[in-house]
$ cat model_29.txt   # compact mmCIF, C-alpha atoms
# COMPACT_ATOMS: atom_id res chain seq x y z
CA MET A 1 -28.18 6.72 3.33
CA THR A 2 -24.92 8.68 3.42
CA HIS A 3 -23.03 10.03 0.42
CA PHE A 4 -19.37 9.09 0.94
CA GLY A 5 -16.44 10.55 -0.95
CA LEU A 6 -13.19 8.65 -1.49
CA ILE A 7 -9.79 10.36 -1.83
CA CYS A 8 -6.73 8.27 -2.69
CA PRO A 9 -3.86 8.07 -5.19
CA ALA A 10 -4.73 6.69 -8.62
CA THR A 11 -2.26 3.81 -8.34
CA THR A 12 -3.19 0.14 -8.24
CA GLY A 13 -2.20 -0.53 -4.63
CA HIS A 14 -4.32 2.28 -3.24
CA LEU A 15 -7.33 1.80 -5.52
CA ASN A 16 -7.32 -1.93 -4.68
CA THR A 17 -7.72 -0.93 -1.03
CA MET A 18 -10.21 1.92 -1.34
CA LEU A 19 -12.58 0.57 -3.99
CA PRO A 20 -13.61 -2.54 -1.97
CA LEU A 21 -14.50 -0.23 0.94
CA GLY A 22 -16.57 1.89 -1.41
CA LYS A 23 -18.28 -1.17 -2.87
CA GLU A 24 -19.20 -2.47 0.59
CA LEU A 25 -20.65 0.91 1.52
CA GLN A 26 -22.65 0.87 -1.70
CA LYS A 27 -23.98 -2.61 -0.90
CA ARG A 28 -25.21 -1.26 2.42
CA GLY A 29 -27.26 1.38 0.64
CA HIS A 30 -24.86 4.33 0.62
CA ARG A 31 -23.82 6.47 -2.33
CA VAL A 32 -20.08 6.55 -3.09
CA THR A 33 -18.04 8.89 -5.30
CA LEU A 34 -14.29 8.79 -5.81
CA PHE A 35 -12.62 12.18 -6.29
CA GLY A 36 -9.33 11.81 -8.10
CA ILE A 37 -7.27 12.34 -11.22
CA LEU A 38 -8.50 10.90 -14.50
CA ASP A 39 -6.34 7.77 -14.33
CA ALA A 40 -8.55 6.52 -11.48
CA LYS A 41 -11.71 6.77 -13.56
CA SER A 42 -11.73 3.42 -15.38
CA LYS A 43 -11.18 1.29 -12.27
CA THR A 44 -13.72 3.32 -10.30
CA LEU A 45 -16.38 2.89 -12.97
CA ALA A 46 -15.50 -0.81 -13.30
CA ALA A 47 -16.33 -1.11 -9.61
CA GLU A 48 -19.67 0.59 -10.45
CA LEU A 49 -18.92 3.57 -8.23
CA GLU A 50 -19.27 7.23 -9.19
CA PHE A 51 -16.26 9.28 -10.25
CA GLN A 52 -15.49 13.01 -10.15
CA ALA A 53 -12.28 14.30 -11.72
CA VAL A 54 -9.94 16.81 -10.10
CA GLY A 55 -6.74 18.27 -11.53
CA GLU A 56 -7.72 17.49 -15.13
CA PHE A 57 -5.36 20.11 -16.55
CA GLU A 58 -2.26 19.01 -14.59
CA PHE A 59 -3.05 15.29 -14.74
CA PRO A 60 -4.60 14.27 -18.07
CA THR A 61 -5.27 10.62 -18.77
CA GLY A 62 -1.95 8.74 -18.80
CA ALA A 63 -0.21 10.95 -16.22
CA ILE A 64 0.11 8.07 -13.77
CA ALA A 65 1.59 5.74 -16.39
CA GLU A 66 4.18 8.39 -17.27
CA SER A 67 5.10 8.99 -13.63
CA ILE A 68 5.30 5.25 -12.94
CA THR A 69 7.68 4.84 -15.86
CA GLN A 70 10.00 7.40 -14.27
CA LEU A 71 9.54 6.16 -10.71
CA GLY A 72 10.11 2.57 -11.75
CA LYS A 73 13.66 3.45 -12.74
CA LEU A 74 14.49 4.86 -9.30
CA SER A 75 15.13 3.45 -5.86
CA GLY A 76 15.86 4.61 -2.32
CA LEU A 77 15.85 8.31 -1.46
CA ALA A 78 15.65 9.39 -5.11
CA ALA A 79 12.42 7.43 -5.54
CA LEU A 80 11.03 8.87 -2.31
CA GLN A 81 11.81 12.43 -3.42
CA TYR A 82 10.18 11.82 -6.81
CA THR A 83 7.09 10.42 -5.06
CA VAL A 84 6.93 13.42 -2.72
CA ASN A 85 7.03 15.88 -5.62
CA PHE A 86 4.30 14.00 -7.45
CA LEU A 87 2.13 13.83 -4.33
CA LYS A 88 2.72 17.54 -3.71
CA ASP A 89 1.36 18.39 -7.16
CA GLN A 90 -1.64 16.10 -6.63
CA ALA A 91 -2.26 17.67 -3.23
CA ALA A 92 -2.27 21.14 -4.73
CA ALA A 93 -4.79 20.09 -7.39
CA MET A 94 -6.97 18.35 -4.81
CA LEU A 95 -6.93 21.30 -2.43
CA ARG A 96 -7.86 23.64 -5.28
CA ASP A 97 -10.59 21.55 -6.92
CA ALA A 98 -12.01 19.15 -4.33
CA PRO A 99 -13.82 21.54 -1.93
CA SER A 100 -16.21 22.81 -4.59
CA ALA A 101 -16.57 19.38 -6.24
CA VAL A 102 -17.26 17.60 -2.93
CA LYS A 103 -19.71 20.29 -1.81
CA GLN A 104 -21.55 20.35 -5.12
CA ALA A 105 -21.89 16.55 -5.09
CA GLY A 106 -23.47 16.68 -1.64
CA VAL A 107 -20.87 14.44 -0.02
CA GLU A 108 -21.44 14.04 3.73
CA ALA A 109 -18.26 12.19 4.80
CA LEU A 110 -14.85 11.40 3.32
CA LEU A 111 -12.63 8.34 3.39
CA VAL A 112 -9.07 9.64 2.99
CA ASP A 113 -6.06 7.49 2.17
CA GLN A 114 -3.25 8.13 4.64
CA VAL A 115 -0.91 9.00 1.75
CA SER A 116 -3.32 11.69 0.53
CA PRO A 117 -2.62 14.00 3.49
CA GLU A 118 -4.51 16.93 1.98
CA GLY A 119 -7.84 15.10 2.19
CA GLY A 120 -8.36 15.76 5.87
CA SER A 121 -7.95 19.50 5.33
CA VAL A 122 -10.64 19.40 2.62
CA ALA A 123 -13.02 17.72 5.07
CA GLU A 124 -12.12 20.16 7.84
CA PHE A 125 -12.69 23.16 5.55
CA LEU A 126 -16.11 21.80 4.51
CA GLY A 127 -17.07 20.86 8.07
CA ILE A 128 -17.71 17.18 7.29
CA PRO A 129 -16.30 14.10 9.06
CA PHE A 130 -13.49 12.04 7.59
CA ILE A 131 -11.96 8.66 8.30
CA THR A 132 -8.29 7.87 7.64
CA VAL A 133 -7.60 4.68 5.68
CA CYS A 134 -4.09 3.19 5.93
CA SER A 135 -3.55 1.41 2.61
CA ALA A 136 0.22 1.32 2.98
CA VAL A 137 2.23 0.64 6.12
CA VAL A 138 1.01 2.58 9.17
CA LEU A 139 2.56 6.04 8.80
CA ASN A 140 1.81 7.40 12.28
CA ARG A 141 5.09 8.62 13.74
CA GLU A 142 6.44 7.78 17.17
CA PRO A 143 10.05 7.57 18.43
CA SER A 144 9.91 3.85 19.22
CA VAL A 145 9.10 2.87 15.62
CA PRO A 146 11.54 3.33 12.71
CA PRO A 147 10.46 5.56 9.80
CA TYR A 148 8.78 3.66 7.00
CA PHE A 149 11.50 4.24 4.39
CA LYS A 150 14.10 2.27 6.35
CA THR A 151 14.54 -1.49 6.81
CA TRP A 152 15.49 -0.91 10.44
CA SER A 153 14.00 -3.45 12.78
CA TYR A 154 12.11 -2.53 15.93
CA ASN A 155 14.34 -2.07 18.95
CA PRO A 156 13.25 -0.43 22.24
CA ALA A 157 16.81 0.60 23.16
CA TRP A 158 17.63 4.29 23.70
CA TRP A 159 20.08 4.37 20.80
CA ALA A 160 17.41 3.02 18.43
CA ARG A 161 15.07 5.83 19.45
CA LEU A 162 17.79 8.35 18.65
CA ARG A 163 18.32 6.65 15.30
CA ASN A 164 14.58 6.79 14.62
CA ARG A 165 14.39 10.48 15.50
CA ALA A 166 17.20 11.22 13.06
CA GLY A 167 15.33 9.28 10.40
CA TYR A 168 12.14 11.27 11.02
CA THR A 169 14.09 14.52 10.80
CA LEU A 170 15.30 13.51 7.35
CA LEU A 171 11.78 12.46 6.39
CA SER A 172 10.32 15.79 7.52
CA ARG A 173 12.79 17.64 5.31
CA THR A 174 11.96 15.38 2.38
CA VAL A 175 8.16 15.80 2.64
CA LYS A 176 8.35 19.53 3.43
CA PRO A 177 6.93 20.51 -0.01
CA ILE A 178 3.71 18.63 0.78
CA THR A 179 3.46 20.22 4.24
CA GLU A 180 3.96 23.67 2.75
CA VAL A 181 1.23 23.37 0.13
CA ILE A 182 -1.25 22.01 2.69
CA ASN A 183 -0.52 24.79 5.17
CA GLN A 184 -0.77 27.40 2.42
CA TYR A 185 -4.37 26.38 1.78
CA ARG A 186 -5.10 26.01 5.49
CA GLN A 187 -3.98 29.59 6.01
CA GLU A 188 -6.29 30.77 3.22
CA TRP A 189 -9.12 28.77 4.80
CA LYS A 190 -8.46 30.24 8.27
CA LEU A 191 -7.48 26.82 9.64
CA PRO A 192 -4.55 26.35 12.05
CA PRO A 193 -1.32 25.06 10.47
CA GLN A 194 -0.36 21.42 10.82
CA SER A 195 3.01 21.04 12.50
CA SER A 196 3.07 17.23 12.61
CA SER A 197 2.05 14.65 10.04
CA ASN A 198 0.01 12.96 12.78
CA ASP A 199 -2.20 16.08 12.79
CA ARG A 200 -3.44 15.12 9.34
CA TYR A 201 -5.18 11.93 10.43
CA SER A 202 -8.76 11.59 11.58
CA GLN A 203 -9.60 11.91 15.26
CA LEU A 204 -12.83 9.96 14.66
CA ALA A 205 -11.38 6.73 13.24
CA GLN A 206 -8.19 5.52 11.60
CA ILE A 207 -8.40 2.08 9.99
CA SER A 208 -5.47 -0.01 8.79
CA GLN A 209 -5.58 -3.08 6.60
CA GLN A 210 -2.57 -4.48 8.44
CA PRO A 211 -3.23 -7.11 11.07
CA ALA A 212 -1.89 -5.86 14.40
CA GLN A 213 0.59 -8.76 14.49
CA LEU A 214 2.32 -7.37 11.39
CA GLU A 215 2.98 -4.04 13.08
CA PHE A 216 5.82 -3.18 15.45
CA PRO A 217 4.87 -2.63 19.11
CA ARG A 218 3.17 0.75 19.33
CA GLU A 219 3.01 3.12 22.30
CA ASN A 220 1.21 6.19 20.98
CA LEU A 221 -1.46 5.18 18.49
CA PRO A 222 -4.71 7.09 19.12
CA GLN A 223 -7.59 5.23 20.75
CA CYS A 224 -9.54 5.53 17.52
CA PHE A 225 -6.96 3.46 15.59
CA HIS A 226 -8.18 0.07 14.37
CA PHE A 227 -6.30 -2.84 12.79
CA THR A 228 -9.02 -4.40 10.64
CA GLY A 229 -7.09 -6.70 8.31
CA PRO A 230 -6.87 -6.43 4.51
CA TYR A 231 -9.54 -5.32 2.06
CA HIS A 232 -8.65 -7.68 -0.79
CA SER A 233 -11.35 -8.12 -3.37
CA PRO A 234 -11.62 -8.71 -7.11
CA THR A 235 -13.73 -5.54 -7.20
CA GLY A 236 -12.48 -3.29 -9.99
CA ARG A 237 -9.58 -5.63 -10.76
CA GLU A 238 -9.04 -7.04 -14.21
CA VAL A 239 -8.17 -10.74 -14.22
CA PRO A 240 -5.57 -11.26 -16.95
CA ASP A 241 -5.34 -14.42 -19.01
CA PHE A 242 -2.82 -16.91 -17.71
CA PRO A 243 -1.50 -20.20 -19.17
CA TYR A 244 -2.44 -22.43 -16.25
CA GLU A 245 -1.73 -25.46 -18.45
CA LYS A 246 1.98 -24.58 -18.23
CA LEU A 247 2.10 -25.05 -14.46
CA THR A 248 4.11 -28.19 -13.78
CA GLY A 249 2.85 -29.14 -10.33
CA GLN A 250 6.26 -28.46 -8.75
CA ARG A 251 6.60 -26.12 -5.80
CA LEU A 252 5.57 -22.71 -7.08
CA ILE A 253 7.63 -19.55 -6.52
CA TYR A 254 5.71 -16.43 -7.47
CA ALA A 255 7.77 -13.29 -8.16
CA SER A 256 6.27 -9.82 -8.53
CA MET A 257 7.80 -6.40 -8.02
CA GLY A 258 4.39 -4.74 -8.20
CA THR A 259 3.13 -2.23 -10.76
CA VAL A 260 5.17 0.84 -9.75
CA GLN A 261 8.82 0.13 -8.86
CA ASN A 262 9.18 -2.62 -11.44
CA ARG A 263 11.40 -1.13 -14.17
CA LEU A 264 14.63 -2.44 -12.67
CA LEU A 265 14.60 -5.44 -14.97
CA GLY A 266 17.91 -6.75 -13.70
CA ILE A 267 16.10 -7.79 -10.51
CA PHE A 268 13.97 -10.26 -12.47
CA LYS A 269 17.10 -11.74 -14.05
CA SER A 270 18.68 -12.13 -10.61
CA ILE A 271 15.52 -13.85 -9.34
CA ALA A 272 15.53 -16.29 -12.26
CA GLU A 273 19.21 -17.14 -11.73
CA ALA A 274 18.71 -17.58 -7.98
CA CYS A 275 15.77 -19.95 -8.51
CA ASN A 276 17.51 -22.03 -11.17
CA ASP A 277 17.85 -25.75 -10.28
CA LEU A 278 15.79 -25.43 -7.07
CA ASP A 279 13.24 -28.12 -8.05
CA ALA A 280 10.55 -25.45 -8.18
CA GLN A 281 8.71 -23.58 -10.90
CA LEU A 282 9.19 -19.83 -11.02
CA VAL A 283 6.40 -17.58 -12.28
CA ILE A 284 7.39 -13.94 -12.90
CA SER A 285 4.81 -11.18 -13.22
CA LEU A 286 6.33 -8.07 -14.80
CA GLY A 287 3.50 -5.81 -13.66
CA GLY A 288 3.49 -3.90 -16.93
CA SER A 289 7.17 -2.98 -16.82
CA ALA A 290 8.06 -4.83 -20.01
CA THR A 291 7.00 -7.65 -22.28
CA PRO A 292 8.12 -11.20 -21.55
CA GLU A 293 10.02 -11.19 -24.84
CA SER A 294 12.09 -8.18 -23.79
CA LEU A 295 13.70 -10.15 -20.97
CA GLY A 296 15.03 -12.71 -23.39
CA SER A 297 16.07 -16.17 -22.29
CA LEU A 298 16.29 -16.55 -18.51
CA PRO A 299 18.01 -19.29 -16.50
CA GLY A 300 15.66 -22.14 -15.66
CA ASN A 301 13.11 -21.06 -18.28
CA PRO A 302 10.64 -19.48 -15.81
CA LEU A 303 7.07 -18.72 -16.84
CA VAL A 304 7.05 -14.95 -17.47
CA VAL A 305 3.87 -12.92 -18.02
CA GLY A 306 3.14 -9.22 -18.33
CA TYR A 307 0.43 -9.39 -15.69
CA ALA A 308 -0.59 -12.33 -13.53
CA PRO A 309 -3.86 -13.19 -11.77
CA GLN A 310 -2.15 -12.66 -8.43
CA LEU A 311 -4.99 -13.59 -6.09
CA GLU A 312 -5.42 -16.90 -7.90
CA LEU A 313 -1.72 -17.79 -8.18
CA LEU A 314 -1.04 -17.09 -4.51
CA GLN A 315 -3.47 -19.89 -3.65
CA LYS A 316 -1.00 -22.25 -5.32
CA ALA A 317 2.29 -20.63 -4.29
CA ASN A 318 4.88 -21.92 -1.81
CA LEU A 319 6.90 -18.69 -1.75
CA THR A 320 6.48 -15.09 -2.88
CA ILE A 321 9.42 -12.96 -3.96
CA THR A 322 8.24 -9.37 -3.80
CA HIS A 323 9.13 -5.70 -3.44
CA ALA A 324 7.15 -5.78 -0.17
CA GLY A 325 4.32 -3.58 -1.34
CA MET A 326 1.59 -3.80 1.30
CA ASN A 327 -1.02 -5.36 -0.97
CA THR A 328 1.19 -8.15 -2.32
CA THR A 329 2.47 -8.78 1.20
CA LEU A 330 -1.01 -9.07 2.70
CA GLU A 331 -2.32 -11.11 -0.21
CA SER A 332 0.58 -13.55 0.28
CA LEU A 333 0.04 -13.82 4.02
CA ASN A 334 -3.71 -14.15 3.51
CA ASN A 335 -2.83 -17.38 1.71
CA GLY A 336 -0.23 -18.47 4.27
CA VAL A 337 2.63 -17.92 1.82
CA PRO A 338 6.04 -16.89 3.26
CA ILE A 339 8.05 -14.15 1.59
CA VAL A 340 11.48 -13.10 0.39
CA ALA A 341 11.34 -9.31 0.21
CA ILE A 342 13.48 -7.06 -2.00
CA PRO A 343 12.26 -3.58 -0.97
CA ILE A 344 13.04 -0.76 -3.37
CA ALA A 345 11.51 2.52 -2.18
CA ASN A 346 8.84 4.45 -0.28
CA ASP A 347 7.13 2.30 2.39
CA GLN A 348 8.48 -1.01 1.07
CA PRO A 349 11.53 -1.08 3.41
CA GLY A 350 9.20 -0.62 6.39
CA VAL A 351 6.87 -3.40 5.23
CA ALA A 352 9.85 -5.69 4.64
CA ALA A 353 11.17 -4.99 8.14
CA ARG A 354 7.81 -6.06 9.56
CA ILE A 355 7.80 -9.26 7.50
CA ALA A 356 11.16 -10.20 9.00
CA TRP A 357 10.10 -9.11 12.50
CA ALA A 358 7.00 -11.34 12.29
CA GLY A 359 9.17 -14.28 11.18
CA ALA A 360 7.26 -14.70 7.91
CA GLY A 361 10.18 -14.14 5.57
CA GLU A 362 13.63 -12.79 4.80
CA VAL A 363 14.70 -9.35 3.57
CA ILE A 364 17.42 -8.40 1.11
CA PRO A 365 17.74 -4.62 0.60
CA LEU A 366 18.26 -3.67 -3.02
CA ALA A 367 21.72 -2.30 -2.29
CA ARG A 368 22.80 -5.72 -1.00
CA LEU A 369 21.08 -7.83 -3.67
CA SER A 370 23.22 -10.53 -5.25
CA VAL A 371 22.33 -13.89 -6.75
CA PRO A 372 24.11 -15.95 -4.04
CA ARG A 373 22.51 -13.92 -1.24
CA LEU A 374 19.06 -14.18 -2.85
CA ARG A 375 19.44 -17.91 -3.48
CA THR A 376 20.41 -18.49 0.15
CA ALA A 377 17.36 -16.56 1.36
CA ILE A 378 15.03 -18.48 -0.96
CA GLN A 379 16.41 -21.85 0.13
CA LYS A 380 16.21 -20.82 3.79
CA VAL A 381 12.56 -19.77 3.61
CA LEU A 382 11.57 -22.86 1.64
CA ALA A 383 13.43 -25.25 3.93
CA LYS A 384 12.81 -23.83 7.40
CA ASP A 385 9.33 -24.63 8.64
CA SER A 386 9.06 -21.61 10.94
CA TYR A 387 8.57 -19.22 8.02
CA LYS A 388 5.59 -21.17 6.75
CA GLN A 389 4.18 -21.52 10.28
CA ASN A 390 4.44 -17.79 10.92
CA ALA A 391 2.79 -17.07 7.57
CA LEU A 392 -0.03 -19.43 8.56
CA ARG A 393 -0.26 -17.72 11.96
CA LEU A 394 -0.73 -14.39 10.24
CA GLN A 395 -3.25 -15.96 7.89
CA GLU A 396 -5.33 -16.99 10.92
CA VAL A 397 -5.04 -13.51 12.39
CA ILE A 398 -6.21 -12.00 9.09
CA ASP A 399 -9.17 -14.40 8.98
CA ARG A 400 -10.28 -13.15 12.42
CA ALA A 401 -9.58 -9.44 11.83
CA GLY A 402 -12.81 -8.65 10.01
CA GLY A 403 -11.47 -6.98 6.87
CA VAL A 404 -13.83 -4.89 4.76
CA SER A 405 -16.92 -5.70 6.80
CA ARG A 406 -15.40 -4.59 10.11
CA ALA A 407 -13.87 -1.50 8.53
CA VAL A 408 -17.21 -0.41 7.12
CA ASP A 409 -18.92 -1.10 10.47
CA ILE A 410 -16.50 1.41 12.01
CA ILE A 411 -17.08 3.92 9.21
CA GLU A 412 -20.85 3.71 9.61
CA GLN A 413 -20.56 4.09 13.38
CA VAL A 414 -18.53 7.28 12.95
CA VAL A 415 -21.17 8.79 10.69
CA SER A 416 -24.15 7.70 12.77
CA SER A 417 -22.68 8.79 16.13
CA GLY A 418 -20.55 11.75 15.11
CA LYS A 419 -18.10 10.62 17.79
CA PRO A 420 -14.74 8.83 17.82
CA VAL A 421 -14.99 5.05 17.53
CA LEU A 422 -12.55 3.61 20.06
CA SER A 423 -10.72 0.34 19.59
CA ASN A 424 -10.47 -2.40 22.19
CA ARG A 425 -6.73 -2.86 21.74
CA ALA A 426 -5.05 -4.05 24.91
$ encode --input "model_29.txt" --output "structure tokens"
Amino acid sequence: MTHFGLICPATTGHLNTMLPLGKELQKRGHRVTLFGILDAKSKTLAAELEFQAVGEFEFPTGAIAESITQLGKLSGLAALQYTVNFLKDQAAAMLRDAPSAVKQAGVEALLVDQVSPEGGSVAEFLGIPFITVCSAVVLNREPSVPPYFKTWSYNPAWWARLRNRAGYTLLSRTVKPITEVINQYRQEWKLPPQSSSNDRYSQLAQISQQPAQLEFPRENLPQCFHFTGPYHSPTGREVPDFPYEKLTGQRLIYASMGTVQNRLLGIFKSIAEACNDLDAQLVISLGGSATPESLGSLPGNPLVVGYAPQLELLQKANLTITHAGMNTTLESLNNGVPIVAIPIANDQPGVAARIAWAGAGEVIPLARLSVPRLRTAIQKVLAKDSYKQNALRLQEVIDRAGGVSRAVDIIEQVVSSGKPVLSNRA
């Protein structure tokens, strides 16, 4: 038996990825403890895993809700900068508190979310192995692939590589506060500084819940990188009540802007107006951003709920309208549901670009959102069979990818062998 530690942000999208991995490890006889801020505690304990708090002073219970309220009002570069500052503060707390907490707990290996870049340094300082888990879009940088905060499509041309490099230069400046706090601790710990974000990822195994067919062509991924498919599970997820009796049997359009960037309530009004008179029923999940009553009367009288049982509704849906968060995207494709994406911030533009590149949906950047443009995209995706066929193609790929079971096989192999686990990618 191995005692595994989990390090990830305390937000729904990342916990919904990491907790199923922890639960599968537990089922195989391992001990699992999540190290995080207090807002991760309830979901971790609901999954029947152990929890150890870090950063209790800086991040009391409710800190995530407060930050999400602020972040949900932002978009684009402003939202990215806000996220970076929040992650910087979490990184500082983790680097300060985690080494002693992890050591005292007797943890022997760490699973580190790719957007918790400080986690690898904690493992390196303690001399224990770690595995990188890509809950969001693959963040590994290379010149042929656009940076994740842009909706730029893949293009192998020389000018696109120059464009990408410029984007990464901007990104490096934006995330510099995180790099600085990590390297400050690495200097104190007598570890070499990290000059590239790719230095932060495990050299033993990196696992992504994306299917390979939802990623742009890659030239420089390490041999230990594995596309395992999504880790969806009801583990640790509350299933909210839902008025299924109000479903009409028409084509179902499910709209969710996630649980973070969902305070831009005008988007929901635009979605309702765009879906009006389409001979389809629209279900809107507000993701905690507001109450259904606060939206008032919407065109077409859509079914609006604070939270929706997403996994269950996607089994009935014909189309998802989403912010292109990775979890909602994969959960839609896992059910063969095509997508209209309205990316707002952080990695959502990059996920949306991949949806369009794979032919499974259409993208409307927030800056270009209008009711006529959105209505045209919805009608196009519903009417043109190729979107549905590509969503079904990705569903088949996901079914074969292995998901949680394959990911945990790789994790166990790392720990048992102490060596890199190489993929068989062509």
$ closest_atom_pairs --input "model_29.txt" --of "region 28-113 of chain A" --to "region 336-349 of chain A" --cutoff "8 Å" --atoms "only C-alpha atoms" --output "tab-separated table"
residue	atom	partner	partner_atom	distance
A:Ser75	CA	A:Ala345	CA	5.2
A:Gly76	CA	A:Ala345	CA	4.8
A:Leu77	CA	A:Ala345	CA	7.3
A:Ala79	CA	A:Ala345	CA	6.0
A:Leu80	CA	A:Asn346	CA	5.3
A:Thr83	CA	A:Asn346	CA	7.8
$ write_last_selection --input "model_29.txt" --atoms "C-alpha atoms" --output "PDB file, keeping the file's coordinate frame"
ATOM      1  CA  SER A  75      15.130   3.450  -5.860  1.00  0.00           C
ATOM      2  CA  GLY A  76      15.860   4.610  -2.320  1.00  0.00           C
ATOM      3  CA  LEU A  77      15.850   8.310  -1.460  1.00  0.00           C
ATOM      4  CA  ALA A  79      12.420   7.430  -5.540  1.00  0.00           C
ATOM      5  CA  LEU A  80      11.030   8.870  -2.310  1.00  0.00           C
ATOM      6  CA  THR A  83       7.090  10.420  -5.060  1.00  0.00           C
TER       7      THR A  83
END
$ atom_distance --input "model_29.txt" --atom1 "CA of Glu219 (chain A)" --atom2 "CA of Ser202 (chain A)"
18.0 Å
$ atom_distance --input "model_29.txt" --atom1 "CA of Gln250 (chain A)" --atom2 "CA of Tyr387 (chain A)"
19.3 Å
$ residues_around --input "model_29.txt" --residues "region 44-52 of chain A" --least-positions-apart "6" --cutoff "12 Å" --atoms "all atoms listed in the file" --output "PyMOL selection string"
chain A and resi 3-8+10-12+14-27+30-38+94+97-105+107+233-238
$ closest_residue --input "model_29.txt" --among "A:Gly403, A:Pro156, A:Pro372, A:Pro117" --to "Asp199 (chain A)" --atoms "all atoms listed in the file"
A:Pro117
$ residues_around --input "model_29.txt" --residues "Asp279 (chain A)" --least-positions-apart "4" --cutoff "10 Å" --atoms "all atoms listed in the file" --output "ChimeraX atom specification"
/A:250-252,275,300
$ residues_around --input "model_29.txt" --residues "Asn85 (chain A)" --least-positions-apart "2" --cutoff "10 Å" --atoms "only C-alpha atoms" --output "VMD selection string"
chain A and resid 80 to 83 87 to 91 174 to 178
$ atom_distance --input "model_29.txt" --atom1 "CA of Leu374 (chain A)" --atom2 "CA of Ile271 (chain A)"
7.4 Å
$ closest_residue --input "model_29.txt" --among "A:Ser196, A:Thr179, A:Ser370, A:Ser208" --to "Phe225 (chain A)" --atoms "all atoms listed in the file"
A:Ser208
$ residues_around --input "model_29.txt" --residues "Val112 (chain A)" --least-positions-apart "5" --cutoff "6 Å" --atoms "only C-alpha atoms" --output "PyMOL selection string"
chain A and resi 7+119+132-133
$ decode --input "model_29.txt" --residues "region 316-344 of chain A" --atoms "C-alpha atoms" --output "short mmCIF file (atom, residue, chain, number, x, y, z; two decimals), in the first residue's frame"
data_model
loop_
_atom_site.label_atom_id
_atom_site.label_comp_id
_atom_site.auth_asym_id
_atom_site.auth_seq_id
_atom_site.Cartn_x
_atom_site.Cartn_y
_atom_site.Cartn_z
CA LYS A 316 -30.77 13.48 -22.90
CA ALA A 317 -29.26 16.55 -24.59
CA ASN A 318 -28.97 17.28 -28.32
CA LEU A 319 -26.70 20.30 -27.87
CA THR A 320 -24.61 21.87 -25.12
CA ILE A 321 -24.01 25.61 -24.93
CA THR A 322 -21.03 26.09 -22.65
CA HIS A 323 -18.11 28.25 -21.59
CA ALA A 324 -15.87 25.40 -22.80
CA GLY A 325 -14.60 24.38 -19.40
CA MET A 326 -12.77 21.09 -19.83
CA ASN A 327 -15.10 19.06 -17.63
CA THR A 328 -18.35 20.19 -19.26
CA THR A 329 -16.74 19.75 -22.67
CA LEU A 330 -15.61 16.19 -21.96
CA GLU A 331 -18.87 15.27 -20.25
CA SER A 332 -20.76 16.48 -23.34
CA LEU A 333 -18.52 14.58 -25.75
CA ASN A 334 -18.66 11.50 -23.53
CA ASN A 335 -22.38 11.51 -24.35
CA GLY A 336 -21.88 12.30 -28.03
CA VAL A 337 -23.35 15.80 -27.64
CA PRO A 338 -22.04 18.55 -29.97
CA ILE A 339 -21.24 21.98 -28.58
CA VAL A 340 -21.60 25.71 -29.10
CA ALA A 341 -18.80 27.26 -27.05
CA ILE A 342 -18.73 30.79 -25.59
CA PRO A 343 -15.28 30.88 -23.94
CA ILE A 344 -14.74 33.57 -21.34
#
